[in-house]
Amino acid sequence: MEPTQFTQVATIPKTAQRCKAEGIGLSARQLRCLCKTGGLKHVMMGRTALIYWPNLLALLESGGQQEAPPQPQWGQIRPIKERL
């Protein structure tokens, strides 16, 4: 049987497969919820979320205490950030 090779950056389903292979109890649905709520740092490529494996390990080691970026609320004024 050939060992499965995983990459450092992967989609949610591939990350869920790696979690299962390494004995981490996270499903694809739980990973999606973590990404959606901002609990897990990820990058969107179109409609696909890509997860960097060390970010997931850091989240698990910290006990889920990563700081989520503040989300602007509807009806509130937010500052415009200038780009240089």
# chains A, B, ... in the order shown; residues from 1 in each chain; ligands from 1
call {"tool": "select_by_dssp", "arguments": {"residues": "chain A", "states": "strand (DSSP E or B)", "output": "ChimeraX atom specification"}}
result
/A:9-11,42-45,48-52
call {"tool": "select_by_dssp", "arguments": {"residues": "chain A", "states": "helix (DSSP H, G or I)", "output": "VMD selection string"}}
result
chain A and resid 12 to 21 28 to 37 53 to 62
call {"tool": "residues_around", "arguments": {"residues": "Ala49 in chain A", "least_positions_apart": "3", "cutoff": "6 Å", "atoms": "only C-alpha atoms", "output": "PDB file with all heavy atoms, in the first residue's frame"}}
result
ATOM      1  N   THR A  11      -7.038  22.049  -0.215  1.00  0.00           N
ATOM      2  CA  THR A  11      -8.455  22.401  -0.126  1.00  0.00           C
ATOM      3  C   THR A  11      -9.040  21.805   1.159  1.00  0.00           C
ATOM      4  O   THR A  11      -8.396  21.003   1.843  1.00  0.00           O
ATOM      5  CB  THR A  11      -9.216  21.834  -1.338  1.00  0.00           C
ATOM      6  OG1 THR A  11      -9.081  20.408  -1.328  1.00  0.00           O
ATOM      7  CG2 THR A  11      -8.699  22.405  -2.641  1.00  0.00           C
ATOM      8  N   VAL A  43      -7.016  31.103   2.622  1.00  0.00           N
ATOM      9  CA  VAL A  43      -6.989  31.966   1.441  1.00  0.00           C
ATOM     10  C   VAL A  43      -8.056  31.469   0.479  1.00  0.00           C
ATOM     11  O   VAL A  43      -8.200  30.266   0.275  1.00  0.00           O
ATOM     12  CB  VAL A  43      -5.603  31.918   0.752  1.00  0.00           C
ATOM     13  CG1 VAL A  43      -5.597  32.703  -0.537  1.00  0.00           C
ATOM     14  CG2 VAL A  43      -4.530  32.429   1.683  1.00  0.00           C
ATOM     15  N   MET A  44      -8.808  32.400  -0.072  1.00  0.00           N
ATOM     16  CA  MET A  44      -9.826  32.037  -1.052  1.00  0.00           C
ATOM     17  C   MET A  44      -9.251  32.169  -2.465  1.00  0.00           C
ATOM     18  O   MET A  44      -8.675  33.193  -2.811  1.00  0.00           O
ATOM     19  CB  MET A  44     -11.056  32.933  -0.914  1.00  0.00           C
ATOM     20  CG  MET A  44     -11.818  32.758   0.388  1.00  0.00           C
ATOM     21  SD  MET A  44     -12.448  31.108   0.667  1.00  0.00           S
ATOM     22  CE  MET A  44     -13.666  30.970  -0.627  1.00  0.00           C
TER      23      MET A  44
END
call {"tool": "residues_around", "arguments": {"residues": "Gln8 in chain A", "least_positions_apart": "6", "cutoff": "9 Å", "atoms": "only C-alpha atoms", "output": "JSON, numbers by chain"}}
result
{"A": [51, 52, 53, 54]}
call {"tool": "atom_distance", "arguments": {"atom1": "CA of Arg29 in chain A", "atom2": "CA of Gln17 in chain A"}}
result
12.0 Å
call {"tool": "residues_around", "arguments": {"residues": "Thr4 in chain A", "least_positions_apart": "4", "cutoff": "12 Å", "atoms": "only C-alpha atoms", "output": "JSON, numbers by chain"}}
result
{"A": [14, 17, 18, 20, 21, 22]}
call {"tool": "write_last_selection", "arguments": {"atoms": "N, CA, C and O atoms", "output": "compact mmCIF listing (two decimals), in the first residue's frame"}}
result
# COMPACT_ATOMS: atom_id res chain seq x y z
N LYS A 14 -9.24 17.87 1.08
CA LYS A 14 -7.91 17.26 1.22
C LYS A 14 -7.37 17.46 2.63
O LYS A 14 -6.72 16.58 3.19
N GLN A 17 -9.03 14.95 4.81
CA GLN A 17 -8.41 13.64 4.63
C GLN A 17 -7.11 13.53 5.42
O GLN A 17 -6.83 12.51 6.03
N ARG A 18 -6.32 14.60 5.40
CA ARG A 18 -5.06 14.59 6.14
C ARG A 18 -5.32 14.53 7.65
O ARG A 18 -4.62 13.84 8.38
N LYS A 20 -7.84 13.13 9.08
CA LYS A 20 -8.25 11.75 9.37
C LYS A 20 -7.04 10.83 9.39
O LYS A 20 -6.91 9.98 10.28
N ALA A 21 -6.12 11.01 8.43
CA ALA A 21 -4.93 10.16 8.35
C ALA A 21 -4.01 10.36 9.56
O ALA A 21 -3.34 9.42 9.99
N GLU A 22 -3.97 11.57 10.10
CA GLU A 22 -3.08 11.88 11.21
C GLU A 22 -3.78 11.79 12.57
O GLU A 22 -3.19 12.13 13.59
call {"tool": "residues_around", "arguments": {"residues": "Cys19 in chain A", "least_positions_apart": "6", "cutoff": "10 Å", "atoms": "only C-alpha atoms", "output": "PDB file with all heavy atoms, in the first residue's frame"}}
result
ATOM      1  N   PRO A  13     -11.526  19.536   1.546  1.00  0.00           N
ATOM      2  CA  PRO A  13     -11.637  18.073   1.555  1.00  0.00           C
ATOM      3  C   PRO A  13     -10.284  17.365   1.737  1.00  0.00           C
ATOM      4  O   PRO A  13     -10.192  16.388   2.469  1.00  0.00           O
ATOM      5  CB  PRO A  13     -12.253  17.740   0.194  1.00  0.00           C
ATOM      6  CG  PRO A  13     -12.963  18.980  -0.220  1.00  0.00           C
ATOM      7  CD  PRO A  13     -12.155  20.108   0.337  1.00  0.00           C
ATOM      8  N   GLY A  25      -9.320  14.868  14.896  1.00  0.00           N
ATOM      9  CA  GLY A  25     -10.763  14.713  14.745  1.00  0.00           C
ATOM     10  C   GLY A  25     -11.477  15.916  14.181  1.00  0.00           C
ATOM     11  O   GLY A  25     -12.371  16.455  14.824  1.00  0.00           O
ATOM     12  N   LEU A  26     -11.112  16.351  12.982  1.00  0.00           N
ATOM     13  CA  LEU A  26     -11.812  17.460  12.324  1.00  0.00           C
ATOM     14  C   LEU A  26     -12.358  16.984  10.986  1.00  0.00           C
ATOM     15  O   LEU A  26     -11.630  16.419  10.173  1.00  0.00           O
ATOM     16  CB  LEU A  26     -10.877  18.648  12.089  1.00  0.00           C
ATOM     17  CG  LEU A  26     -10.479  19.472  13.300  1.00  0.00           C
ATOM     18  CD1 LEU A  26      -9.466  20.520  12.908  1.00  0.00           C
ATOM     19  CD2 LEU A  26     -11.692  20.124  13.925  1.00  0.00           C
ATOM     20  N   SER A  27     -13.635  17.243  10.754  1.00  0.00           N
ATOM     21  CA  SER A  27     -14.254  16.877   9.481  1.00  0.00           C
ATOM     22  C   SER A  27     -14.203  18.067   8.524  1.00  0.00           C
ATOM     23  O   SER A  27     -13.877  19.192   8.911  1.00  0.00           O
ATOM     24  CB  SER A  27     -15.707  16.466   9.716  1.00  0.00           C
ATOM     25  OG  SER A  27     -16.455  17.588  10.147  1.00  0.00           O
ATOM     26  N   ALA A  28     -14.577  17.807   7.283  1.00  0.00           N
ATOM     27  CA  ALA A  28     -14.626  18.880   6.289  1.00  0.00           C
ATOM     28  C   ALA A  28     -15.642  19.936   6.699  1.00  0.00           C
ATOM     29  O   ALA A  28     -15.412  21.137   6.523  1.00  0.00           O
ATOM     30  CB  ALA A  28     -14.973  18.311   4.915  1.00  0.00           C
ATOM     31  N   TRP A  53      -1.451  24.091   6.250  1.00  0.00           N
ATOM     32  CA  TRP A  53      -1.425  23.113   7.328  1.00  0.00           C
ATOM     33  C   TRP A  53      -0.837  23.667   8.632  1.00  0.00           C
ATOM     34  O   TRP A  53      -1.422  23.442   9.697  1.00  0.00           O
ATOM     35  CB  TRP A  53      -0.682  21.861   6.868  1.00  0.00           C
ATOM     36  CG  TRP A  53      -0.681  20.766   7.877  1.00  0.00           C
ATOM     37  CD1 TRP A  53       0.362  20.350   8.643  1.00  0.00           C
ATOM     38  CD2 TRP A  53      -1.786  19.950   8.264  1.00  0.00           C
ATOM     39  NE1 TRP A  53      -0.015  19.323   9.460  1.00  0.00           N
ATOM     40  CE2 TRP A  53      -1.338  19.056   9.252  1.00  0.00           C
ATOM     41  CE3 TRP A  53      -3.118  19.888   7.877  1.00  0.00           C
ATOM     42  CZ2 TRP A  53      -2.162  18.117   9.848  1.00  0.00           C
ATOM     43  CZ3 TRP A  53      -3.937  18.940   8.482  1.00  0.00           C
ATOM     44  CH2 TRP A  53      -3.462  18.080   9.455  1.00  0.00           C
ATOM     45  N   LEU A  56      -3.441  25.462  10.663  1.00  0.00           N
ATOM     46  CA  LEU A  56      -4.371  24.570  11.357  1.00  0.00           C
ATOM     47  C   LEU A  56      -3.730  24.021  12.633  1.00  0.00           C
ATOM     48  O   LEU A  56      -4.354  23.986  13.685  1.00  0.00           O
ATOM     49  CB  LEU A  56      -4.809  23.429  10.446  1.00  0.00           C
ATOM     50  CG  LEU A  56      -5.752  22.396  11.066  1.00  0.00           C
ATOM     51  CD1 LEU A  56      -7.045  23.046  11.534  1.00  0.00           C
ATOM     52  CD2 LEU A  56      -6.036  21.283  10.085  1.00  0.00           C
TER      53      LEU A  56
END
call {"tool": "atom_distance", "arguments": {"atom1": "CA of Thr48 in chain A", "atom2": "CA of Ala10 in chain A"}}
result
9.9 Å
call {"tool": "atom_distance", "arguments": {"atom1": "CA of Gly63 in chain A", "atom2": "CA of Arg47 in chain A"}}
result
27.7 Å
call {"tool": "residues_around", "arguments": {"residues": "Ser62 in chain A", "least_positions_apart": "6", "cutoff": "12 Å", "atoms": "only C-alpha atoms", "output": "MDAnalysis selection string"}}
result
chainID A and resid 39:40 55:56
call {"tool": "write_last_selection", "arguments": {"atoms": "all heavy atoms", "output": "PDB file, in the first residue's frame"}}
result
ATOM      1  N   GLY A  39     -12.150  31.681  12.327  1.00  0.00           N
ATOM      2  CA  GLY A  39     -11.336  31.033  13.345  1.00  0.00           C
ATOM      3  C   GLY A  39     -10.074  30.406  12.785  1.00  0.00           C
ATOM      4  O   GLY A  39      -9.093  30.226  13.493  1.00  0.00           O
ATOM      5  N   LEU A  40     -10.096  30.059  11.501  1.00  0.00           N
ATOM      6  CA  LEU A  40      -8.957  29.436  10.847  1.00  0.00           C
ATOM      7  C   LEU A  40      -8.521  30.310   9.677  1.00  0.00           C
ATOM      8  O   LEU A  40      -9.329  30.614   8.790  1.00  0.00           O
ATOM      9  CB  LEU A  40      -9.326  28.033  10.351  1.00  0.00           C
ATOM     10  CG  LEU A  40      -8.275  27.265   9.575  1.00  0.00           C
ATOM     11  CD1 LEU A  40      -7.021  27.045  10.424  1.00  0.00           C
ATOM     12  CD2 LEU A  40      -8.826  25.934   9.107  1.00  0.00           C
ATOM     13  N   ASN A  55      -1.039  26.605   9.817  1.00  0.00           N
ATOM     14  CA  ASN A  55      -2.066  27.455  10.439  1.00  0.00           C
ATOM     15  C   ASN A  55      -3.067  26.604  11.214  1.00  0.00           C
ATOM     16  O   ASN A  55      -3.510  26.992  12.305  1.00  0.00           O
ATOM     17  CB  ASN A  55      -2.811  28.279   9.392  1.00  0.00           C
ATOM     18  CG  ASN A  55      -2.000  29.439   8.879  1.00  0.00           C
ATOM     19  OD1 ASN A  55      -0.969  29.797   9.442  1.00  0.00           O
ATOM     20  ND2 ASN A  55      -2.449  30.025   7.793  1.00  0.00           N
ATOM     21  N   LEU A  56      -3.441  25.462  10.663  1.00  0.00           N
ATOM     22  CA  LEU A  56      -4.371  24.570  11.357  1.00  0.00           C
ATOM     23  C   LEU A  56      -3.730  24.021  12.633  1.00  0.00           C
ATOM     24  O   LEU A  56      -4.354  23.986  13.685  1.00  0.00           O
ATOM     25  CB  LEU A  56      -4.809  23.429  10.446  1.00  0.00           C
ATOM     26  CG  LEU A  56      -5.752  22.396  11.066  1.00  0.00           C
ATOM     27  CD1 LEU A  56      -7.045  23.046  11.534  1.00  0.00           C
ATOM     28  CD2 LEU A  56      -6.036  21.283  10.085  1.00  0.00           C
TER      29      LEU A  56
END
call {"tool": "closest_residue", "arguments": {"among": "A:Met45, A:Ala16, A:Ile77, A:Ala58", "to": "Leu31 in chain A", "atoms": "only C-alpha atoms"}}
result
A:Ala16
call {"tool": "closest_residue", "arguments": {"among": "A:Thr37, A:Leu57, A:His42, A:Lys81", "to": "Ile12 in chain A", "atoms": "only C-alpha atoms"}}
result
A:His42
call {"tool": "closest_residue", "arguments": {"among": "A:Cys33, A:Gly46, A:Ile24, A:Gln76", "to": "Glu61 in chain A", "atoms": "only C-alpha atoms"}}
result
A:Ile24
